[in-house]
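Undergrad: One file: run.cif (mmCIF, C-alpha atoms and all ligand atoms).
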```
data_protein
#
loop_
_atom_site.label_atom_id
_atom_site.label_comp_id
_atom_site.auth_asym_id
_atom_site.auth_seq_id
_atom_site.Cartn_x
_atom_site.Cartn_y
_atom_site.Cartn_z
CA MET A 1 -8.22 24.27 -0.19
CA THR A 2 -4.88 22.49 0.07
CA LYS A 3 -3.67 21.08 -3.24
CA ILE A 4 -2.48 17.54 -2.70
CA LEU A 5 -0.83 15.34 -5.31
CA ILE A 6 -1.29 11.67 -4.51
CA THR A 7 0.80 9.17 -6.46
CA GLY A 8 -0.49 5.61 -6.80
CA GLY A 9 -4.02 6.68 -5.89
CA ALA A 10 -5.54 3.97 -8.10
CA GLY A 11 -3.96 1.20 -6.02
CA PHE A 12 -5.13 -0.40 -2.81
CA ILE A 13 -3.95 1.96 -0.06
CA GLY A 14 -3.82 5.04 -2.31
CA SER A 15 -7.48 4.70 -3.33
CA ASN A 16 -8.54 4.29 0.30
CA PHE A 17 -6.50 7.40 1.15
CA VAL A 18 -8.04 9.46 -1.70
CA ARG A 19 -11.54 8.41 -0.57
CA MET A 20 -10.76 9.31 3.04
CA LEU A 21 -9.31 12.77 2.22
CA SER A 22 -12.19 13.50 -0.15
CA ALA A 23 -14.68 12.69 2.62
CA LYS A 24 -12.82 14.94 5.07
CA GLY A 25 -13.09 17.86 2.58
CA GLY A 26 -10.94 20.98 2.27
CA HIS A 27 -8.53 19.49 -0.30
CA GLU A 28 -8.14 19.58 -4.05
CA LEU A 29 -6.80 16.16 -4.96
CA LEU A 30 -4.85 15.05 -8.02
CA ASN A 31 -4.34 11.31 -8.38
CA LEU A 32 -1.26 10.58 -10.51
CA ASP A 33 -1.06 6.91 -11.43
CA ALA A 34 0.47 4.90 -14.28
CA LEU A 35 -2.32 2.29 -14.08
CA THR A 36 -0.03 -0.71 -13.97
CA TYR A 37 -1.69 -4.11 -13.43
CA ALA A 38 -2.25 -2.94 -9.80
CA GLY A 39 -3.95 0.35 -10.66
CA ASN A 40 -7.71 0.21 -10.99
CA LEU A 41 -9.89 3.28 -11.50
CA GLU A 42 -12.93 1.19 -10.57
CA ASN A 43 -11.66 1.68 -6.99
CA LEU A 44 -12.72 5.32 -7.18
CA THR A 45 -15.76 5.49 -9.47
CA GLU A 46 -17.80 7.40 -6.88
CA LEU A 47 -15.38 10.36 -7.07
CA GLU A 48 -15.48 10.82 -10.84
CA ALA A 49 -18.04 13.65 -10.68
CA ASP A 50 -16.31 15.40 -7.76
CA PRO A 51 -14.88 18.76 -8.97
CA ASP A 52 -12.17 18.61 -6.27
CA TYR A 53 -10.83 15.27 -7.53
CA HIS A 54 -8.78 14.82 -10.70
CA PHE A 55 -6.95 11.92 -12.27
CA VAL A 56 -3.92 11.94 -14.55
CA ARG A 57 -2.27 8.92 -16.03
CA ALA A 58 1.52 9.26 -15.80
CA ASP A 59 4.56 7.21 -14.92
CA ILE A 60 6.58 8.65 -12.01
CA SER A 61 9.84 7.51 -13.58
CA LYS A 62 9.23 9.70 -16.67
CA ARG A 63 10.63 13.10 -15.75
CA LYS A 64 9.04 15.15 -18.55
CA ALA A 65 5.55 13.80 -17.94
CA VAL A 66 5.86 14.33 -14.19
CA GLU A 67 7.18 17.86 -14.69
CA GLY A 68 4.12 18.66 -16.84
CA VAL A 69 1.83 17.51 -14.04
CA PHE A 70 3.65 19.60 -11.40
CA ALA A 71 3.67 22.66 -13.68
CA ASP A 72 -0.09 22.40 -14.28
CA PHE A 73 -1.30 21.42 -10.82
CA ARG A 74 1.27 23.15 -8.54
CA PRO A 75 0.76 20.85 -5.55
CA GLU A 76 1.41 22.11 -2.03
CA VAL A 77 1.75 18.60 -0.61
CA VAL A 78 2.80 15.31 -2.23
CA VAL A 79 1.77 11.97 -0.71
CA HIS A 80 3.74 9.25 -2.46
CA PHE A 81 2.21 5.75 -2.60
CA ALA A 82 3.10 4.71 -6.18
CA ALA A 83 5.28 1.62 -6.19
CA GLU A 84 5.68 -1.89 -7.38
CA SER A 85 4.47 -3.51 -4.17
CA HIS A 86 4.43 -7.30 -4.45
CA VAL A 87 7.40 -9.27 -3.07
CA ASP A 88 6.78 -12.38 -5.21
CA ARG A 89 6.87 -10.34 -8.42
CA SER A 90 10.19 -8.78 -7.34
CA VAL A 91 11.65 -12.27 -6.95
CA LEU A 92 10.73 -13.03 -10.56
CA ASP A 93 11.97 -9.72 -12.02
CA ALA A 94 13.21 -6.69 -10.08
CA THR A 95 13.53 -4.29 -13.02
CA ALA A 96 10.25 -2.39 -12.60
CA PHE A 97 10.90 -2.21 -8.85
CA VAL A 98 14.12 -0.29 -9.38
CA THR A 99 12.65 1.95 -12.08
CA THR A 100 9.48 2.88 -10.23
CA ASN A 101 10.48 2.69 -6.58
CA VAL A 102 14.00 4.14 -6.81
CA LEU A 103 14.13 6.30 -9.96
CA GLY A 104 10.45 7.30 -9.74
CA THR A 105 10.88 8.52 -6.17
CA GLN A 106 13.92 10.62 -7.11
CA VAL A 107 12.00 12.20 -10.02
CA LEU A 108 9.19 13.13 -7.61
CA LEU A 109 11.66 14.58 -5.10
CA ASP A 110 13.34 16.67 -7.81
CA MET A 111 10.03 17.98 -9.15
CA SER A 112 8.71 18.65 -5.65
CA ARG A 113 11.75 20.78 -4.84
CA GLN A 114 11.64 22.53 -8.21
CA TYR A 115 7.95 23.43 -7.77
CA ASP A 116 8.26 24.44 -4.10
CA VAL A 117 6.18 21.68 -2.57
CA ALA A 118 5.81 22.43 1.15
CA ARG A 119 5.77 18.80 2.35
CA PHE A 120 6.61 15.40 0.84
CA VAL A 121 5.05 12.37 2.56
CA HIS A 122 6.82 9.14 1.63
CA VAL A 123 4.88 5.92 2.21
CA SER A 124 7.59 3.40 3.03
CA THR A 125 7.26 -0.04 4.62
CA ASP A 126 8.36 -2.03 7.66
CA GLU A 127 10.06 -4.44 5.24
CA VAL A 128 13.03 -2.03 5.10
CA TYR A 129 14.00 -3.41 8.54
CA GLY A 130 14.29 -6.99 7.30
CA SER A 131 13.12 -9.87 9.45
CA LEU A 132 12.68 -10.35 13.22
CA GLY A 133 13.32 -13.45 15.33
CA PRO A 134 10.60 -14.76 17.65
CA THR A 135 10.83 -11.69 19.94
CA GLY A 136 11.47 -7.97 19.62
CA LEU A 137 9.86 -5.16 17.62
CA PHE A 138 10.95 -2.81 14.82
CA THR A 139 11.59 0.71 16.12
CA GLU A 140 12.51 3.70 13.95
CA GLU A 141 16.12 3.11 15.10
CA SER A 142 16.26 -0.52 13.91
CA PRO A 143 18.91 -1.08 11.24
CA LEU A 144 17.76 -1.15 7.61
CA GLN A 145 18.33 -4.72 6.41
CA PRO A 146 15.98 -5.36 3.44
CA ASN A 147 15.92 -8.93 2.18
CA SER A 148 13.85 -8.97 -1.03
CA PRO A 149 14.36 -6.96 -4.23
CA TYR A 150 11.05 -5.24 -3.36
CA SER A 151 12.18 -4.18 0.10
CA ALA A 152 15.66 -3.26 -1.15
CA SER A 153 14.10 -0.92 -3.73
CA LYS A 154 11.78 0.56 -1.09
CA THR A 155 14.80 1.09 1.18
CA GLY A 156 16.55 2.87 -1.69
CA SER A 157 13.59 5.23 -2.07
CA ASP A 158 13.32 5.73 1.70
CA LEU A 159 17.01 6.74 1.85
CA LEU A 160 16.67 9.11 -1.12
CA VAL A 161 13.87 10.87 0.76
CA ARG A 162 16.09 11.08 3.85
CA ALA A 163 18.90 12.52 1.69
CA ALA A 164 16.60 15.17 0.17
CA HIS A 165 15.87 16.40 3.68
CA HIS A 166 19.45 16.20 4.93
CA THR A 167 21.12 17.68 1.84
CA HIS A 168 18.55 20.20 0.63
CA GLY A 169 16.58 20.95 3.80
CA PHE A 170 13.47 19.74 1.95
CA ASP A 171 10.43 19.06 4.19
CA THR A 172 9.92 15.29 4.12
CA VAL A 173 8.24 12.78 6.42
CA ILE A 174 8.49 9.01 6.07
CA THR A 175 6.02 6.36 7.27
CA ARG A 176 6.92 2.69 7.67
CA CYS A 177 3.83 0.56 8.02
CA SER A 178 3.12 -3.13 8.54
CA ASN A 179 0.84 -5.39 6.44
CA ASN A 180 -2.42 -3.74 5.36
CA TYR A 181 -5.71 -5.49 4.63
CA GLY A 182 -9.19 -4.26 3.73
CA PRO A 183 -11.38 -3.28 0.75
CA TYR A 184 -9.87 -2.95 -2.75
CA GLN A 185 -6.69 -4.94 -2.08
CA PHE A 186 -5.44 -6.62 -5.24
CA PRO A 187 -6.09 -10.37 -5.01
CA GLU A 188 -2.43 -11.36 -5.27
CA LYS A 189 -1.76 -10.47 -1.61
CA LEU A 190 -2.39 -13.05 1.11
CA ILE A 191 -5.80 -12.04 2.49
CA PRO A 192 -7.74 -11.19 -0.71
CA LEU A 193 -6.14 -14.13 -2.56
CA MET A 194 -7.26 -16.55 0.13
CA ILE A 195 -10.78 -15.09 0.26
CA ALA A 196 -11.21 -15.23 -3.53
CA ASN A 197 -9.73 -18.75 -3.82
CA ALA A 198 -11.92 -20.00 -0.99
CA LEU A 199 -15.04 -18.56 -2.65
CA GLU A 200 -14.11 -20.16 -5.97
CA ASP A 201 -13.40 -23.53 -4.29
CA LYS A 202 -9.75 -23.36 -5.33
CA SER A 203 -6.80 -24.39 -3.16
CA LEU A 204 -5.31 -21.89 -0.69
CA PRO A 205 -1.50 -21.88 -1.21
CA VAL A 206 0.33 -21.45 2.11
CA TYR A 207 4.07 -20.89 1.76
CA GLY A 208 6.48 -23.05 3.79
CA ASP A 209 5.25 -24.08 7.24
CA GLY A 210 2.67 -21.26 7.40
CA LYS A 211 4.26 -19.93 10.59
CA ASN A 212 5.63 -16.65 9.23
CA VAL A 213 4.22 -13.79 11.25
CA ARG A 214 2.83 -10.47 10.01
CA ASP A 215 1.46 -7.50 12.02
CA TRP A 216 -1.90 -6.72 10.37
CA ILE A 217 -3.41 -3.23 10.13
CA TYR A 218 -6.77 -2.27 8.67
CA VAL A 219 -6.17 0.00 5.68
CA GLU A 220 -8.35 2.83 7.05
CA ASP A 221 -6.18 2.95 10.18
CA HIS A 222 -3.07 3.24 8.01
CA CYS A 223 -4.69 6.05 5.99
CA GLU A 224 -5.63 7.96 9.16
CA ALA A 225 -2.05 7.59 10.40
CA ILE A 226 -0.64 8.94 7.12
CA ALA A 227 -3.03 11.92 7.32
CA ARG A 228 -1.83 12.58 10.88
CA VAL A 229 1.83 12.44 9.81
CA MET A 230 1.04 14.67 6.82
CA THR A 231 -0.44 17.40 8.98
CA ASN A 232 1.41 17.03 12.30
CA GLY A 233 4.60 15.06 11.61
CA LYS A 234 7.96 16.74 12.18
CA ALA A 235 10.07 17.41 9.08
CA GLY A 236 12.85 14.87 8.55
CA GLU A 237 11.27 12.28 10.86
CA VAL A 238 10.31 8.65 10.33
CA TYR A 239 7.14 7.21 11.90
CA ASN A 240 6.44 3.50 12.28
CA ILE A 241 2.78 2.50 11.89
CA GLY A 242 1.49 -0.88 13.06
CA GLY A 243 -1.68 -2.72 13.95
CA ASN A 244 -0.46 -4.46 17.16
CA GLU A 245 -1.99 -7.61 15.66
CA GLU A 246 0.63 -10.29 15.07
CA ARG A 247 -0.61 -13.53 13.54
CA GLU A 248 0.93 -16.57 11.89
CA ASN A 249 -0.19 -16.87 8.24
CA ILE A 250 -1.87 -20.19 8.90
CA TRP A 251 -4.00 -18.59 11.63
CA VAL A 252 -5.17 -15.95 9.14
CA VAL A 253 -6.00 -18.53 6.46
CA LYS A 254 -7.92 -20.75 8.87
CA LYS A 255 -9.85 -17.75 10.23
CA ILE A 256 -10.91 -16.74 6.68
CA LEU A 257 -12.17 -20.28 6.06
CA GLU A 258 -14.00 -20.22 9.40
CA ILE A 259 -15.71 -16.89 8.59
CA LEU A 260 -16.76 -18.26 5.19
CA GLY A 261 -17.85 -21.63 6.61
CA LYS A 262 -15.42 -23.42 4.27
CA SER A 263 -13.33 -26.54 4.83
CA GLU A 264 -9.67 -26.45 5.91
CA GLU A 265 -9.14 -29.16 3.29
CA GLN A 266 -8.80 -26.30 0.78
CA ILE A 267 -5.42 -25.40 2.38
CA GLU A 268 -2.39 -26.52 0.39
CA TYR A 269 1.13 -26.14 1.78
CA VAL A 270 3.39 -25.12 -1.11
CA LYS A 271 7.09 -24.37 -1.68
CA ASP A 272 8.32 -21.46 0.41
CA ARG A 273 8.94 -17.96 -0.99
CA PRO A 274 12.73 -17.56 -1.58
CA GLY A 275 14.27 -15.49 1.23
CA HIS A 276 10.90 -15.40 3.02
CA ASP A 277 11.04 -12.96 5.98
CA ARG A 278 9.99 -14.80 9.13
CA ARG A 279 8.40 -12.13 11.27
CA TYR A 280 7.45 -8.45 11.18
CA ALA A 281 6.17 -6.55 14.23
CA ILE A 282 5.98 -2.80 14.80
CA ASP A 283 6.76 -0.71 17.86
CA GLY A 284 4.34 2.18 17.37
CA THR A 285 5.32 4.10 20.51
CA LYS A 286 6.69 7.13 18.64
CA ILE A 287 3.56 7.94 16.60
CA ALA A 288 1.36 7.27 19.66
CA ASN A 289 3.37 9.55 21.96
CA GLU A 290 4.28 12.32 19.51
CA LEU A 291 1.19 12.45 17.24
CA GLY A 292 -1.47 10.77 19.42
CA TRP A 293 -2.31 8.10 16.82
CA THR A 294 -3.16 4.47 17.60
CA PRO A 295 -5.08 1.95 15.44
CA LYS A 296 -8.86 1.74 15.98
CA HIS A 297 -9.66 -1.63 14.37
CA ASP A 298 -8.91 -5.00 15.94
CA PHE A 299 -7.90 -7.75 13.53
CA GLU A 300 -10.79 -10.15 14.07
CA SER A 301 -13.53 -7.61 13.37
CA GLY A 302 -11.49 -5.96 10.57
CA LEU A 303 -10.96 -9.33 8.92
CA LYS A 304 -14.66 -10.16 9.19
CA ALA A 305 -15.56 -6.77 7.64
CA THR A 306 -13.03 -7.41 4.87
CA VAL A 307 -14.41 -10.87 4.08
CA GLU A 308 -17.89 -9.33 3.98
CA TRP A 309 -16.64 -6.63 1.58
CA TYR A 310 -15.23 -9.25 -0.80
CA LEU A 311 -18.51 -11.17 -0.59
CA ALA A 312 -20.54 -8.04 -1.35
CA ASN A 313 -18.16 -6.87 -4.10
CA ARG A 314 -17.61 -10.13 -5.92
CA GLU A 315 -17.91 -8.35 -9.29
CA TRP A 316 -14.97 -6.08 -8.38
CA TRP A 317 -12.51 -8.90 -7.76
CA GLU A 318 -13.89 -11.13 -10.51
CA ARG A 319 -13.26 -8.31 -13.01
CA VAL A 320 -9.73 -7.99 -11.61
CA ARG A 321 -9.07 -11.73 -11.84
CA SER A 322 -10.46 -11.92 -15.38
CA GLY A 323 -8.57 -8.80 -16.51
CA GLU A 324 -11.79 -6.96 -17.45
CA TYR A 325 -10.92 -4.03 -15.15
CA ARG A 326 -8.24 -3.05 -17.69
CA GLU A 327 -10.98 -2.05 -20.15
CA TYR A 328 -12.47 0.48 -17.76
CA TYR A 329 -9.86 3.16 -18.48
CA GLU A 330 -10.41 3.06 -22.22
CA GLU A 331 -14.19 3.12 -21.88
CA ASN A 332 -14.12 6.13 -19.55
CA TYR A 333 -10.95 8.03 -20.38
CA GLY A 334 -10.34 7.15 -24.04
CA ALA A 335 -7.65 5.14 -25.79
CA ARG A 336 -4.26 4.70 -24.12
P1 LIG A 401 -0.63 -1.37 -5.00
O1 LIG A 401 0.28 -2.28 -5.74
O2 LIG A 401 -2.02 -1.81 -4.70
O3 LIG A 401 -0.75 0.02 -5.77
C1 LIG A 401 0.34 0.65 -6.36
C2 LIG A 401 -0.17 1.76 -7.27
O4 LIG A 401 0.98 2.44 -7.83
C3 LIG A 401 -1.00 1.25 -8.46
O5 LIG A 401 -2.16 2.05 -8.62
C4 LIG A 401 -0.07 1.40 -9.63
O6 LIG A 401 -0.74 1.63 -10.87
C5 LIG A 401 0.78 2.61 -9.21
N1 LIG A 401 2.07 2.64 -9.88
C6 LIG A 401 2.96 1.62 -10.00
N2 LIG A 401 4.04 2.02 -10.71
C7 LIG A 401 3.82 3.31 -11.04
C8 LIG A 401 4.56 4.27 -11.77
N3 LIG A 401 5.75 3.97 -12.32
N4 LIG A 401 4.07 5.52 -11.90
C9 LIG A 401 2.85 5.84 -11.36
N5 LIG A 401 2.09 4.95 -10.68
C10 LIG A 401 2.58 3.71 -10.52
O7 LIG A 401 0.15 -1.01 -3.67
P2 LIG A 401 -0.40 -0.76 -2.18
O8 LIG A 401 -0.46 -2.06 -1.48
O9 LIG A 401 -1.56 0.13 -2.22
O10 LIG A 401 0.86 0.03 -1.58
C11 LIG A 401 0.96 1.45 -1.73
C12 LIG A 401 2.25 1.93 -1.08
O11 LIG A 401 2.26 1.56 0.29
C13 LIG A 401 3.50 1.30 -1.69
O12 LIG A 401 4.49 2.31 -1.74
C14 LIG A 401 3.88 0.21 -0.72
O13 LIG A 401 5.28 -0.02 -0.73
C15 LIG A 401 3.44 0.83 0.60
N6 LIG A 401 3.08 -0.13 1.67
C16 LIG A 401 2.19 -1.13 1.41
C17 LIG A 401 1.82 -1.98 2.44
C18 LIG A 401 0.81 -3.09 2.22
O14 LIG A 401 0.62 -3.90 3.11
N7 LIG A 401 0.14 -3.17 1.08
C19 LIG A 401 2.37 -1.81 3.73
C20 LIG A 401 3.28 -0.78 3.94
C21 LIG A 401 3.63 0.07 2.90
O1 LIG A 402 4.92 -5.41 5.66
C1 LIG A 402 4.49 -4.54 4.68
C2 LIG A 402 4.46 -5.23 3.34
O2 LIG A 402 3.40 -6.17 3.38
C3 LIG A 402 4.29 -4.26 2.17
O3 LIG A 402 5.42 -3.44 2.11
C4 LIG A 402 4.11 -5.03 0.85
O4 LIG A 402 3.83 -4.12 -0.20
C5 LIG A 402 2.95 -5.98 1.00
O5 LIG A 402 2.81 -6.76 -0.18
C6 LIG A 402 3.16 -6.91 2.20
O6 LIG A 402 4.25 -7.84 1.96
P1 LIG A 402 4.15 -9.39 2.37
O7 LIG A 402 5.11 -10.14 1.55
O8 LIG A 402 4.20 -9.56 3.84
O9 LIG A 402 2.61 -9.65 1.89
P2 LIG A 402 1.92 -10.87 1.12
O10 LIG A 402 0.46 -10.62 1.17
O11 LIG A 402 2.54 -11.11 -0.21
O12 LIG A 402 2.26 -12.12 2.05
C7 LIG A 402 1.89 -12.13 3.42
C8 LIG A 402 2.41 -13.43 4.02
O13 LIG A 402 1.68 -14.52 3.45
C9 LIG A 402 3.87 -13.70 3.70
O14 LIG A 402 4.46 -14.35 4.81
C10 LIG A 402 3.82 -14.65 2.51
C11 LIG A 402 2.55 -15.44 2.76
N1 LIG A 402 1.83 -15.89 1.55
C12 LIG A 402 1.54 -14.97 0.59
C13 LIG A 402 0.86 -15.36 -0.56
C14 LIG A 402 0.55 -14.34 -1.64
C15 LIG A 402 1.42 -17.21 1.44
O15 LIG A 402 1.66 -18.05 2.33
N2 LIG A 402 0.74 -17.60 0.31
C16 LIG A 402 0.46 -16.72 -0.71
O16 LIG A 402 -0.14 -17.15 -1.73
#
```
Using structure tokens, write down the structure from this file.

TA:
Amino acid sequence: MTKILITGGAGFIGSNFVRMLSAKGGHELLNLDALTYAGNLENLTELEADPDYHFVRADISKRKAVEGVFADFRPEVVVHFAAESHVDRSVLDATAFVTTNVLGTQVLLDMSRQYDVARFVHVSTDEVYGSLGPTGLFTEESPLQPNSPYSASKTGSDLLVRAAHHTHGFDTVITRCSNNYGPYQFPEKLIPLMIANALEDKSLPVYGDGKNVRDWIYVEDHCEAIARVMTNGKAGEVYNIGGNEERENIWVVKKILEILGKSEEQIEYVKDRPGHDRRYAIDGTKIANELGWTPKHDFESGLKATVEWYLANREWWERVRSGEYREYYEENYGAR
């Protein structure tokens, strides 16, 4: 049994990763999560009775609390998802982004070295590379040119992980992935927001001209890629992960409406996001050639499956939108 500490396991990608590793078996998993607005234990209710899964509520930027968790659990591997992850929120206030993404990552690196963790997997993002023009792809050698407070804080954490390897010889691997979609994504991000608004007959706010491009990857593909990097990646290396599925935002929004049989009249063009990155697209040659990983899901069928998940799990996102999911922790784990 490998002991794996997963940070941010109550969020979107982290909860999908915990579920995937639990299904694979052979791991004892500890999910460390602060349960911010984005953390939702209802994402993992089916694992509550699993003796090889544990949850602890802690903030990665609080050194003492994190040290207590490392001292008790003694993880062999750390997979680090916990972050403030939404660009629009970072435009409004970057404070939590610096505290969690930068300071929190350094605390985890320090504790991981102190408690002899064998491998630290850092889940970074393609947004560290900034924005592309109409052609070209991000490779692992592309310059780091983050444009939003979110991506700048993620770049800070990414470089601290690099420094821990270079300075201390600590075993780290970094993944930089494109835009994820799929079950359990918080309905502030483009795809779940548009699905939920469409179903509630609300307007669908498209920023600017709607022609910004993202490279979409189904969350299960991203999780499989992280698992591959965790087990087979080379220490000190960075691996890009992408879906090979570039789409303009307006294409995505119209496709969601088409799948739901709803009218395009629900679309509303709104003021653009400040500093809005125009295009992201990943060159995934390195992970394909060195680790034999490529994405399995195509965007059209993945998007259809995702829309169907939100239709079948209406209670999940309605509880998130109403704030009721916040009560779940107290009911099941006691007062905060
Ligand atoms: P999310 O916002 O859904 O989840 C983040 C989780 O981190 C939540 O459970 C939250 O409670 C937890 N968290 C936040 N601050 C914390 C703190 N101080 N201490 C402990 N836990 C804390 O995010 P996501 O979309 O699942 O993204 C997970 C990771 O993947 C992030 O590091 C993000 O930068 C990266 N990433 C995301 C995408 C994407 O498209 N969503 C793409 C590439 C990389
Ligand atoms: O590329 C990886 C990144 O993808 C991750 O690192 C981030 O954590 C994740 O949030 C995501 O960032 P984006 O800013 O690309 O995702 P978001 O879903 O916020 O927006 C996707 C695109 O849709 C972007 O061009 C902005 C646009 N958009 C978004 C929202 C929420 C709209 O037009 N309307 C909206 O209401």

Undergrad: Skipping near chain neighbours, those fewer than 5 positions away, what residues fall within 9 Å of range 262-266 of chain A using only C-alpha atoms, listed as a list in words?

TA: Asn197, Ala198, Leu199, Asp201, Lys202, Ser203, Leu204, Pro205, Val253, Lys254, Ile256 and Leu257 of chain A

Undergrad: With C-alpha atoms retained, could you export that selection as a PDB file, in the coordinates of the input?

TA:
```
ATOM      1  CA  ASN A 197      -9.730 -18.750  -3.820  1.00  0.00           C
ATOM      2  CA  ALA A 198     -11.920 -20.000  -0.990  1.00  0.00           C
ATOM      3  CA  LEU A 199     -15.040 -18.560  -2.650  1.00  0.00           C
ATOM      4  CA  ASP A 201     -13.400 -23.530  -4.290  1.00  0.00           C
ATOM      5  CA  LYS A 202      -9.750 -23.360  -5.330  1.00  0.00           C
ATOM      6  CA  SER A 203      -6.800 -24.390  -3.160  1.00  0.00           C
ATOM      7  CA  LEU A 204      -5.310 -21.890  -0.690  1.00  0.00           C
ATOM      8  CA  PRO A 205      -1.500 -21.880  -1.210  1.00  0.00           C
ATOM      9  CA  VAL A 253      -6.000 -18.530   6.460  1.00  0.00           C
ATOM     10  CA  LYS A 254      -7.920 -20.750   8.870  1.00  0.00           C
ATOM     11  CA  ILE A 256     -10.910 -16.740   6.680  1.00  0.00           C
ATOM     12  CA  LEU A 257     -12.170 -20.280   6.060  1.00  0.00           C
TER      13      LEU A 257
END
```

Undergrad: Box in all listed atoms of ligand LIG 402 (chain A), axis-aligned, with 8 Å more on each side; write out centre and edge lengths in Å to one decimal as JSON.

TA:
```
{"center_x": 2.6, "center_y": -10.7, "center_z": 2.0, "size_x": 21.6, "size_y": 30.6, "size_z": 23.4}
```

Undergrad: To one decimal place in Å, what is the distance between atom O16 of ligand LIG 402 (chain A) and CA of Leu190 in chain A?

TA: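 Distance reported for this atom pair: 5.5 Å.
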
Undergrad: Identify, counting all atoms listed in the file, the protein, DNA and RNA residues located within 6 Å of ligand LIG 401 (chain A), and give them as a ChimeraX atom specification.

TA: /A:8-14,33-36,38-39,58-61,81-85,100,123-125,177-180,186

Undergrad: Would you export the selected residues with C-alpha atoms as a PDB file, in the frame of the given file, please?

TA:
```pdb
ATOM      1  CA  GLY A   8      -0.490   5.610  -6.800  1.00  0.00           C
ATOM      2  CA  GLY A   9      -4.020   6.680  -5.890  1.00  0.00           C
ATOM      3  CA  ALA A  10      -5.540   3.970  -8.100  1.00  0.00           C
ATOM      4  CA  GLY A  11      -3.960   1.200  -6.020  1.00  0.00           C
ATOM      5  CA  PHE A  12      -5.130  -0.400  -2.810  1.00  0.00           C
ATOM      6  CA  ILE A  13      -3.950   1.960  -0.060  1.00  0.00           C
ATOM      7  CA  GLY A  14      -3.820   5.040  -2.310  1.00  0.00           C
ATOM      8  CA  ASP A  33      -1.060   6.910 -11.430  1.00  0.00           C
ATOM      9  CA  ALA A  34       0.470   4.900 -14.280  1.00  0.00           C
ATOM     10  CA  LEU A  35      -2.320   2.290 -14.080  1.00  0.00           C
ATOM     11  CA  THR A  36      -0.030  -0.710 -13.970  1.00  0.00           C
ATOM     12  CA  ALA A  38      -2.250  -2.940  -9.800  1.00  0.00           C
ATOM     13  CA  GLY A  39      -3.950   0.350 -10.660  1.00  0.00           C
ATOM     14  CA  ALA A  58       1.520   9.260 -15.800  1.00  0.00           C
ATOM     15  CA  ASP A  59       4.560   7.210 -14.920  1.00  0.00           C
ATOM     16  CA  ILE A  60       6.580   8.650 -12.010  1.00  0.00           C
ATOM     17  CA  SER A  61       9.840   7.510 -13.580  1.00  0.00           C
ATOM     18  CA  PHE A  81       2.210   5.750  -2.600  1.00  0.00           C
ATOM     19  CA  ALA A  82       3.100   4.710  -6.180  1.00  0.00           C
ATOM     20  CA  ALA A  83       5.280   1.620  -6.190  1.00  0.00           C
ATOM     21  CA  GLU A  84       5.680  -1.890  -7.380  1.00  0.00           C
ATOM     22  CA  SER A  85       4.470  -3.510  -4.170  1.00  0.00           C
ATOM     23  CA  THR A 100       9.480   2.880 -10.230  1.00  0.00           C
ATOM     24  CA  VAL A 123       4.880   5.920   2.210  1.00  0.00           C
ATOM     25  CA  SER A 124       7.590   3.400   3.030  1.00  0.00           C
ATOM     26  CA  THR A 125       7.260  -0.040   4.620  1.00  0.00           C
ATOM     27  CA  CYS A 177       3.830   0.560   8.020  1.00  0.00           C
ATOM     28  CA  SER A 178       3.120  -3.130   8.540  1.00  0.00           C
ATOM     29  CA  ASN A 179       0.840  -5.390   6.440  1.00  0.00           C
ATOM     30  CA  ASN A 180      -2.420  -3.740   5.360  1.00  0.00           C
ATOM     31  CA  PHE A 186      -5.440  -6.620  -5.240  1.00  0.00           C
TER      32      PHE A 186
END
```

Undergrad: Taking all atoms listed in the file into account, which of A:Ile217, A:Ile226, A:Ala152, A:Ile287 comes nearest Val91 in chain A?

TA: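 Ranking A:Ile217, A:Ile226, A:Ala152, A:Ile287 by distance to Val91 in chain A, first place goes to A:Ala152.
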
Undergrad: So which one's closest to ligand LIG 402 (chain A), A:Tyr184, A:Tyr53, A:Tyr37, A:Tyr280? Using only C-alpha atoms and all ligand atoms, please.

TA: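 Of A:Tyr184, A:Tyr53, A:Tyr37, A:Tyr280, the one nearest ligand LIG 402 (chain A), counting only C-alpha atoms and all ligand atoms, is A:Tyr280.
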
Undergrad: One decimal, Å: what's the distance from CA of Val270 in chain A over to CA of Thr135 in chain A, could you say?

TA: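 Separation of CA of Val270 in chain A and CA of Thr135 in chain A: 26.1 Å.
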